[in-house]
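Data block for work07.cif (mmCIF, C-alpha atoms):
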data_run
loop_
_atom_site.group_PDB
_atom_site.id
_atom_site.type_symbol
_atom_site.label_atom_id
_atom_site.label_comp_id
_atom_site.auth_asym_id
_atom_site.auth_seq_id
_atom_site.Cartn_x
_atom_site.Cartn_y
_atom_site.Cartn_z
ATOM 1 C CA MET A 127 -1.033 -18.953 59.527
ATOM 2 C CA GLU A 128 2.121 -19.856 61.442
ATOM 3 C CA GLU A 129 4.369 -18.075 58.906
ATOM 4 C CA LEU A 130 2.610 -14.789 59.680
ATOM 5 C CA ASP A 131 3.091 -15.356 63.398
ATOM 6 C CA GLU A 132 6.781 -16.049 62.742
ATOM 7 C CA ILE A 133 7.368 -12.830 60.784
ATOM 8 C CA LYS A 134 5.437 -10.808 63.378
ATOM 9 C CA ASN A 135 7.684 -12.178 66.116
ATOM 10 C CA VAL A 136 10.795 -11.418 64.051
ATOM 11 C CA LEU A 137 9.673 -7.832 63.402
ATOM 12 C CA ARG A 138 8.842 -7.259 67.061
ATOM 13 C CA LYS A 139 12.224 -8.632 68.057
ATOM 14 C CA ILE A 140 14.281 -6.497 65.641
ATOM 15 C CA THR A 141 12.439 -3.324 66.661
ATOM 16 C CA GLY A 142 12.197 -4.109 70.369
ATOM 17 C CA ASP A 143 8.448 -3.370 70.311
ATOM 18 C CA ASN A 144 6.933 -6.560 71.733
ATOM 19 C CA ASP A 145 3.414 -5.136 71.989
ATOM 20 C CA LYS A 146 3.014 -3.846 68.436
ATOM 21 C CA ASP A 147 -0.235 -4.898 66.744
ATOM 22 C CA LEU A 148 0.820 -6.285 63.376
ATOM 23 C CA SER A 149 -2.554 -7.529 62.174
ATOM 24 C CA ILE A 150 -2.133 -5.291 59.087
ATOM 25 C CA LEU A 151 0.204 -7.980 57.746
ATOM 26 C CA ASP A 152 -2.674 -10.455 57.616
ATOM 27 C CA LYS A 153 -4.082 -8.471 54.679
ATOM 28 C CA LEU A 154 -0.829 -7.385 53.036
ATOM 29 C CA CYS A 155 1.186 -10.619 53.008
ATOM 30 C CA SER A 156 0.792 -13.689 50.859
ATOM 31 C CA LEU A 157 2.537 -17.041 51.047
ATOM 32 C CA LYS A 158 4.227 -18.388 47.937
ATOM 33 C CA HIS A 159 5.855 -21.757 47.375
ATOM 34 C CA TYR A 160 8.843 -22.001 45.032
ATOM 35 C CA ALA A 161 9.999 -25.164 43.324
ATOM 36 C CA LYS A 162 13.715 -25.937 43.221
ATOM 37 C CA ASN A 163 15.371 -23.630 40.632
ATOM 38 C CA GLU A 164 12.272 -21.389 40.336
ATOM 39 C CA LEU A 165 13.026 -17.669 40.207
ATOM 40 C CA PHE A 166 11.919 -15.225 42.864
ATOM 41 C CA LEU A 167 13.293 -12.400 40.726
ATOM 42 C CA LYS A 168 14.709 -12.429 37.208
ATOM 43 C CA HIS A 169 17.546 -10.194 35.978
ATOM 44 C CA ASN A 170 16.136 -7.075 34.264
ATOM 45 C CA ALA A 171 12.614 -7.643 35.641
ATOM 46 C CA THR A 172 11.177 -4.830 37.717
ATOM 47 C CA PRO A 173 11.050 -6.067 41.319
ATOM 48 C CA VAL A 174 7.695 -5.880 43.058
ATOM 49 C CA TYR A 175 8.065 -7.910 46.245
ATOM 50 C CA THR A 176 10.234 -8.191 49.279
ATOM 51 C CA GLY A 177 9.970 -11.437 51.166
ATOM 52 C CA TYR A 178 10.741 -13.379 54.303
ATOM 53 C CA ILE A 179 12.105 -16.886 53.753
ATOM 54 C CA CYS A 180 10.012 -19.292 55.836
ATOM 55 C CA LYS A 181 11.589 -22.431 54.387
ATOM 56 C CA GLY A 182 14.350 -23.213 51.918
ATOM 57 C CA VAL A 183 17.466 -21.646 50.434
ATOM 58 C CA PHE A 184 17.881 -18.982 47.737
ATOM 59 C CA ARG A 185 20.849 -17.596 45.897
ATOM 60 C CA GLU A 186 21.228 -14.054 44.612
ATOM 61 C CA PHE A 187 23.507 -13.717 41.618
ATOM 62 C CA TYR A 188 24.738 -11.471 38.832
ATOM 63 C CA ILE A 189 24.973 -12.469 35.179
ATOM 64 C CA ASP A 190 27.683 -10.903 33.023
ATOM 65 C CA LYS A 191 27.474 -10.155 29.273
ATOM 66 C CA GLU A 192 28.814 -13.622 28.434
ATOM 67 C CA GLY A 193 26.133 -15.286 30.562
ATOM 68 C CA ARG A 194 28.452 -16.264 33.432
ATOM 69 C CA GLU A 195 26.867 -16.274 36.874
ATOM 70 C CA TYR A 196 28.444 -14.825 40.018
ATOM 71 C CA ASN A 197 26.802 -15.626 43.349
ATOM 72 C CA LYS A 198 26.429 -12.590 45.556
ATOM 73 C CA ALA A 199 24.557 -14.037 48.525
ATOM 74 C CA PHE A 200 22.598 -16.952 49.898
ATOM 75 C CA GLY A 201 19.308 -16.563 51.725
ATOM 76 C CA PHE A 202 18.249 -19.117 54.332
ATOM 77 C CA LYS A 203 15.193 -19.656 56.523
ATOM 78 C CA GLY A 204 14.730 -16.533 58.627
ATOM 79 C CA ASP A 205 16.353 -14.176 56.098
ATOM 80 C CA PHE A 206 14.684 -11.432 54.104
ATOM 81 C CA THR A 207 15.010 -11.583 50.332
ATOM 82 C CA GLY A 208 14.403 -9.247 47.425
ATOM 83 C CA SER A 209 16.774 -6.911 45.693
ATOM 84 C CA TYR A 210 16.713 -4.020 48.151
ATOM 85 C CA TYR A 211 18.890 -1.898 45.853
ATOM 86 C CA ASP A 212 16.559 -2.321 42.877
ATOM 87 C CA LEU A 213 13.359 -2.078 44.931
ATOM 88 C CA THR A 214 14.524 1.200 46.437
ATOM 89 C CA LEU A 215 15.525 2.705 43.108
ATOM 90 C CA GLY A 216 12.508 1.270 41.275
ATOM 91 C CA HIS A 217 14.444 0.102 38.239
ATOM 92 C CA PRO A 218 14.942 -3.290 36.570
ATOM 93 C CA SER A 219 16.783 -5.801 38.700
ATOM 94 C CA THR A 220 20.549 -6.072 38.481
ATOM 95 C CA VAL A 221 20.381 -9.552 40.052
ATOM 96 C CA THR A 222 18.523 -12.825 39.790
ATOM 97 C CA ILE A 223 17.178 -14.572 42.889
ATOM 98 C CA GLN A 224 16.629 -18.323 42.562
ATOM 99 C CA ALA A 225 15.336 -21.027 44.894
ATOM 100 C CA LEU A 226 17.977 -23.731 45.381
ATOM 101 C CA THR A 227 15.536 -25.976 47.254
ATOM 102 C CA GLU A 228 11.792 -26.283 47.621
ATOM 103 C CA SER A 229 11.070 -23.016 49.403
ATOM 104 C CA THR A 230 8.334 -20.925 50.952
ATOM 105 C CA VAL A 231 8.369 -17.131 51.150
ATOM 106 C CA LEU A 232 6.019 -14.689 52.816
ATOM 107 C CA LEU A 233 5.636 -11.854 50.297
ATOM 108 C CA ILE A 234 4.691 -8.212 50.644
ATOM 109 C CA ARG A 235 4.496 -5.717 47.816
ATOM 110 C CA TYR A 236 7.258 -3.181 48.318
ATOM 111 C CA LYS A 237 4.884 -0.285 47.511
ATOM 112 C CA GLU A 238 2.629 -1.430 50.367
ATOM 113 C CA PHE A 239 5.654 -1.580 52.662
ATOM 114 C CA GLN A 240 6.555 1.985 51.623
ATOM 115 C CA LYS A 241 3.043 3.134 52.573
ATOM 116 C CA LEU A 242 3.484 1.523 55.982
ATOM 117 C CA MET A 243 6.806 3.346 56.429
ATOM 118 C CA GLN A 244 5.119 6.675 55.668
ATOM 119 C CA SER A 245 2.304 6.067 58.143
ATOM 120 C CA ASP A 246 4.016 4.546 61.182
ATOM 121 C CA PRO A 247 7.513 4.985 62.706
ATOM 122 C CA PHE A 248 7.529 1.268 63.616
ATOM 123 C CA TRP A 249 7.921 0.409 59.914
ATOM 124 C CA LEU A 250 10.675 2.984 59.480
ATOM 125 C CA ARG A 251 12.498 1.158 62.263
ATOM 126 C CA VAL A 252 11.947 -2.162 60.455
ATOM 127 C CA ALA A 253 13.361 -0.631 57.257
ATOM 128 C CA TYR A 254 16.321 0.861 59.106
ATOM 129 C CA GLU A 255 17.171 -2.392 60.899
ATOM 130 C CA SER A 256 16.832 -4.402 57.667
ATOM 131 C CA ALA A 257 19.021 -1.994 55.695
ATOM 132 C CA HIS A 258 21.555 -1.905 58.528
ATOM 133 C CA SER A 259 21.701 -5.711 58.591
ATOM 134 C CA LEU A 260 22.253 -5.843 54.815
ATOM 135 C CA LEU A 261 25.007 -3.239 55.060
ATOM 136 C CA MET A 262 26.772 -5.172 57.831
ATOM 137 C CA LYS A 263 26.600 -8.391 55.768
ATOM 138 C CA LYS A 264 28.074 -6.521 52.797
ATOM 139 C CA PHE A 265 30.935 -5.137 54.912
ATOM 140 C CA GLU A 266 31.606 -8.589 56.364
ATOM 141 C CA LYS A 267 31.749 -10.237 52.954
ATOM 142 C CA GLU A 268 33.961 -7.473 51.574
ATOM 143 C CA SER A 269 36.442 -7.753 54.437
ATOM 144 C CA GLN A 270 36.430 -11.558 54.190
ATOM 145 C CA LEU A 271 37.260 -11.384 50.479
ATOM 146 C CA LEU A 272 40.099 -8.969 51.145
ATOM 147 C CA ILE A 273 41.564 -10.394 54.357
ATOM 148 C CA LEU A 274 40.774 -14.102 54.614
ATOM 149 C CA SER A 275 42.111 -16.925 52.493
ATOM 150 C CA ALA A 276 39.650 -18.965 50.432
ATOM 151 C CA SER A 277 40.007 -21.789 52.938
ATOM 152 C CA GLU A 278 39.229 -19.465 55.850
ATOM 153 C CA ARG A 279 36.207 -18.037 54.005
ATOM 154 C CA TYR A 280 34.909 -21.548 53.344
ATOM 155 C CA GLU A 281 35.372 -22.631 56.965
ATOM 156 C CA LEU A 282 33.577 -19.500 58.175
ATOM 157 C CA LEU A 283 30.685 -20.112 55.770
ATOM 158 C CA GLN A 284 30.478 -23.738 56.961
ATOM 159 C CA LYS A 285 30.427 -22.579 60.584
ATOM 160 C CA GLN A 286 27.644 -20.067 59.890
ATOM 161 C CA HIS A 287 25.614 -22.543 57.801
ATOM 162 C CA PRO A 288 26.495 -26.162 58.628
ATOM 163 C CA GLU A 289 23.654 -27.375 56.396
ATOM 164 C CA LEU A 290 25.222 -25.700 53.358
ATOM 165 C CA GLU A 291 26.811 -28.769 51.744
ATOM 166 C CA GLN A 292 23.521 -30.669 51.805
ATOM 167 C CA LEU A 293 21.529 -27.792 50.302
ATOM 168 C CA VAL A 294 23.797 -25.857 47.942
ATOM 169 C CA PRO A 295 25.744 -27.324 44.994
ATOM 170 C CA ALA A 296 29.521 -26.959 45.302
ATOM 171 C CA TYR A 297 29.837 -24.799 42.178
ATOM 172 C CA HIS A 298 27.481 -22.215 43.744
ATOM 173 C CA VAL A 299 29.504 -22.219 46.958
ATOM 174 C CA ALA A 300 32.719 -21.784 44.936
ATOM 175 C CA SER A 301 31.232 -18.854 43.017
ATOM 176 C CA TYR A 302 30.118 -17.195 46.254
ATOM 177 C CA LEU A 303 33.624 -17.611 47.704
ATOM 178 C CA GLY A 304 35.205 -16.178 44.540
ATOM 179 C CA ILE A 305 37.072 -19.381 43.662
ATOM 180 C CA THR A 306 36.795 -22.175 41.112
ATOM 181 C CA PRO A 307 35.033 -25.469 41.884
ATOM 182 C CA ILE A 308 38.420 -27.211 41.603
ATOM 183 C CA SER A 309 39.877 -24.935 44.285
ATOM 184 C CA LEU A 310 36.900 -25.670 46.510
ATOM 185 C CA SER A 311 37.456 -29.418 46.059
ATOM 186 C CA ARG A 312 41.079 -28.989 47.138
ATOM 187 C CA ILE A 313 40.046 -26.970 50.190
ATOM 188 C CA ARG A 314 37.487 -29.602 51.180
ATOM 189 C CA ALA A 315 40.064 -32.360 50.752
ATOM 190 C CA GLN A 316 42.604 -30.474 52.928
ATOM 191 C CA ILE A 317 40.001 -29.953 55.644
ATOM 192 C CA ARG A 318 39.095 -33.662 55.686
ATOM 193 C CA GLU A 319 42.757 -34.679 56.123
#

Produce C-alpha cells that represent the structure in this file.
Amino acid sequence: MEELDEIKNVLRKITGDNDKDLSILDKLCSLKHYAKNELFLKHNATPVYTGYICKGVFREFYIDKEGREYNKAFGFKGDFTGSYYDLTLGHPSTVTIQALTESTVLLIRYKEFQKLMQSDPFWLRVAYESAHSLLMKKFEKESQLLILSASERYELLQKQHPELEQLVPAYHVASYLGITPISLSRIRAQIRE
C-alpha cells in the first residue's frame, strides 16, 4: 500500500533513522476514506485514533455553548491529525475534526501507538517530534494573531497553502483568521487591486 510506504518515509525522515524497519505498521494501520463533511472526531466523543492525512483537507474546530464554530487549525496532505490534547489525557474531545474534501487518512489506534512508545525509543522520538511540531505551530499562530494584521495573516496563510481558496470555504478561512467573512472579502478585494 503506497500510503504505508509514504508514512514510513515520513517517520524515517523526522527521526533521522533511514534504516528503521517499520513493518509493524502494516498490521497496526488501516486506511479510511472520508466523504466531504464527514467527521474524523466529534466534540465530546472519546478519541481513539491518530492519523496521517494521505489526501484531502480537514478542519479542527471548537463549538461554544451557543453552537458557534471556531476553526482552530487546518490539516492538509502530509499532516498528522487527531486531537493530541484529548488523546493524551484520555478524555472526551474538546474539538471536532471534519473533512472539508474527499479525504483519505491512515489510522492507528492511539493505545497501540503508546505501546510502541513504551517498547522502542524510535517511537518516543516520533512522539517528541510530532508534539514539538504541534507546539511550534501553536506558537506561530499565537504570535500571528497578536502581531500581524488580518491581511498579513491571510497573505501568510495563502503563501503556505496556495490551494486554500479552492479547497476551503471562505467562512472557514475567516474563522481561522479570527475575522468575519465580510472582513475577509474586503481583504481579498484589496489584495486583487

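For the residues A:Val174, A:Ala257, A:Ala300, A:Ile150, ranking by smallest atom-to-atom distance to Gly216 (chain A) using all atoms listed in the file places A:Val174 first.
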
Q: Could you list the residues chosen by the PyMOL selection byres ((chain A and resi 195) around 10) in this structure as a PyMOL selection string?
A: chain A and resi 186-194+196-198+221-222+298+301-302

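Considering the residues A:Gly142, A:Gly201, A:Gly177, A:Pro307 and counting only C-alpha atoms, Lys158 (chain A) has its shortest atom-to-atom contact with A:Gly177.
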
**Q.** Selection as a ChimeraX atom specification: residues within 10 Å of (1.3, -4.9, 67.4), counting all atoms listed in the file
**A.** /A:134-135,137-138,143-150,248

(Q) Given the PyMOL selection byres ((chain A and resi 180) around 8) and the file above, list the residues it selects as JSON, numbers by chain. (A) {"A": [129, 178, 179, 181, 182, 203, 204, 229, 230, 231, 232]}

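Counting only C-alpha atoms and comparing A:Leu272, A:Leu226, A:Met127, A:Leu242, the residue that lies closest to Ala296 (chain A) is A:Leu226.
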
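The gap separating CA of Phe184 (chain A) from CA of Phe202 (chain A) is 6.6 Å, in Å to one decimal.
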
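The nearest approach to Pro218 (chain A) among the residues A:Lys241, A:Thr172, A:Glu164, A:His287, with all atoms listed in the file taken into account, belongs to A:Thr172.
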
Take every atom of region 194-210 of chain A listed in the file, fit an axis-aligned box around them, add 8 Å per side, and give the centre and edge lengths in Å to one decimal as AutoDock Vina command-line options.
--center_x 21.4 --center_y -11.8 --center_z 46.0 --size_x 30.0 --size_y 31.6 --size_z 41.2

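Of the listed residues (A:Ser277, A:Val252, A:Met262, A:Val294), A:Ser277 comes nearest to Ala315 (chain A); the distances count all atoms listed in the file.
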
**Q.** Point-to-point distance from CA of Tyr175 (chain A) to CA of Ser209 (chain A), Å rounded to tenths
**A.** 8.8 Å

**Q.** Nearby residues, (15.6, -5.4, 61.0) file frame, 7 Å, all atoms listed in the file, as a list in words
**A.** Leu137, Ile140, Thr141, Val252, Ala253, Tyr254, Glu255, Ser256 and Ser259 of chain A

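Take the PyMOL selection byres ((chain A and resi 154) around 8) and apply it to this file: it picks A:Ile150, A:Leu151, A:Asp152, A:Lys153, A:Cys155, A:Ser156, A:Ile234, A:Arg235, A:Glu238.
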
Q: Pick out the closest residue to Ala161 (chain A) from this set: A:Val136, A:Leu303, A:Leu290, A:Ala225. Count only C-alpha atoms.
A: A:Ala225

Could you add whatever atoms are missing so that region 175-186 of chain A carries all heavy atoms, then write the result as a compact mmCIF listing (two decimals), in the coordinates of the input?
# COMPACT_ATOMS: atom_id res chain seq x y z
N TYR A 175 8.21 -7.37 44.90
CA TYR A 175 8.06 -7.91 46.24
C TYR A 175 9.37 -7.91 47.03
O TYR A 175 10.45 -8.05 46.48
CB TYR A 175 7.58 -9.37 46.19
CG TYR A 175 6.22 -9.54 45.61
CD1 TYR A 175 6.05 -9.95 44.29
CD2 TYR A 175 5.08 -9.29 46.38
CE1 TYR A 175 4.79 -10.12 43.75
CE2 TYR A 175 3.81 -9.46 45.84
CZ TYR A 175 3.67 -9.87 44.52
OH TYR A 175 2.43 -10.02 43.99
N THR A 176 9.20 -7.82 48.33
CA THR A 176 10.23 -8.19 49.28
C THR A 176 9.65 -9.38 50.02
O THR A 176 8.43 -9.55 50.06
CB THR A 176 10.60 -7.02 50.22
OG1 THR A 176 11.72 -7.41 51.02
CG2 THR A 176 9.46 -6.60 51.09
N GLY A 177 10.50 -10.23 50.55
CA GLY A 177 9.97 -11.44 51.17
C GLY A 177 10.78 -11.90 52.36
O GLY A 177 11.93 -11.52 52.55
N TYR A 178 10.13 -12.75 53.15
CA TYR A 178 10.74 -13.38 54.30
C TYR A 178 10.77 -14.88 54.03
O TYR A 178 9.73 -15.49 53.76
CB TYR A 178 9.92 -13.07 55.56
CG TYR A 178 10.40 -13.78 56.79
CD1 TYR A 178 11.53 -13.33 57.47
CD2 TYR A 178 9.74 -14.90 57.27
CE1 TYR A 178 11.98 -13.98 58.62
CE2 TYR A 178 10.18 -15.55 58.41
CZ TYR A 178 11.30 -15.09 59.08
OH TYR A 178 11.74 -15.74 60.20
N ILE A 179 11.96 -15.47 54.07
CA ILE A 179 12.10 -16.89 53.75
C ILE A 179 11.65 -17.72 54.96
O ILE A 179 12.28 -17.70 56.01
CB ILE A 179 13.56 -17.23 53.37
CG1 ILE A 179 14.00 -16.39 52.18
CG2 ILE A 179 13.69 -18.73 53.06
CD1 ILE A 179 15.49 -16.50 51.84
N CYS A 180 10.56 -18.43 54.78
CA CYS A 180 10.01 -19.29 55.84
C CYS A 180 10.62 -20.68 55.78
O CYS A 180 10.71 -21.37 56.79
CB CYS A 180 8.50 -19.41 55.68
SG CYS A 180 7.64 -17.84 55.75
N LYS A 181 11.02 -21.10 54.58
CA LYS A 181 11.59 -22.43 54.39
C LYS A 181 12.42 -22.40 53.11
O LYS A 181 12.05 -21.76 52.14
CB LYS A 181 10.45 -23.45 54.23
CG LYS A 181 10.88 -24.87 53.96
CD LYS A 181 9.68 -25.76 53.71
CE LYS A 181 9.97 -26.57 52.47
NZ LYS A 181 8.84 -27.31 51.97
N GLY A 182 13.57 -23.07 53.13
CA GLY A 182 14.35 -23.21 51.92
C GLY A 182 15.60 -22.35 51.86
O GLY A 182 15.96 -21.69 52.83
N VAL A 183 16.22 -22.38 50.68
CA VAL A 183 17.47 -21.65 50.43
C VAL A 183 17.37 -20.98 49.06
O VAL A 183 16.92 -21.59 48.09
CB VAL A 183 18.70 -22.59 50.45
CG1 VAL A 183 19.98 -21.82 50.19
CG2 VAL A 183 18.79 -23.35 51.76
N PHE A 184 17.83 -19.74 49.00
CA PHE A 184 17.88 -18.98 47.74
C PHE A 184 19.31 -18.53 47.48
O PHE A 184 20.12 -18.42 48.40
CB PHE A 184 16.98 -17.74 47.82
CG PHE A 184 15.52 -18.05 47.74
CD1 PHE A 184 14.83 -18.50 48.86
CD2 PHE A 184 14.83 -17.91 46.55
CE1 PHE A 184 13.48 -18.81 48.80
CE2 PHE A 184 13.47 -18.20 46.47
CZ PHE A 184 12.80 -18.65 47.60
N ARG A 185 19.59 -18.25 46.24
CA ARG A 185 20.85 -17.60 45.90
C ARG A 185 20.52 -16.32 45.12
O ARG A 185 19.55 -16.26 44.37
CB ARG A 185 21.78 -18.51 45.09
CG ARG A 185 21.37 -18.73 43.66
CD ARG A 185 22.39 -19.61 42.92
NE ARG A 185 21.95 -19.88 41.56
CZ ARG A 185 22.62 -19.57 40.47
NH1 ARG A 185 23.80 -18.97 40.57
NH2 ARG A 185 22.16 -19.86 39.27
N GLU A 186 21.34 -15.32 45.33
CA GLU A 186 21.23 -14.05 44.61
C GLU A 186 22.49 -13.94 43.79
O GLU A 186 23.59 -14.06 44.31
CB GLU A 186 21.12 -12.91 45.62
CG GLU A 186 20.81 -11.57 45.01
CD GLU A 186 20.51 -10.51 46.06
OE1 GLU A 186 19.97 -10.84 47.13
OE2 GLU A 186 20.83 -9.34 45.78
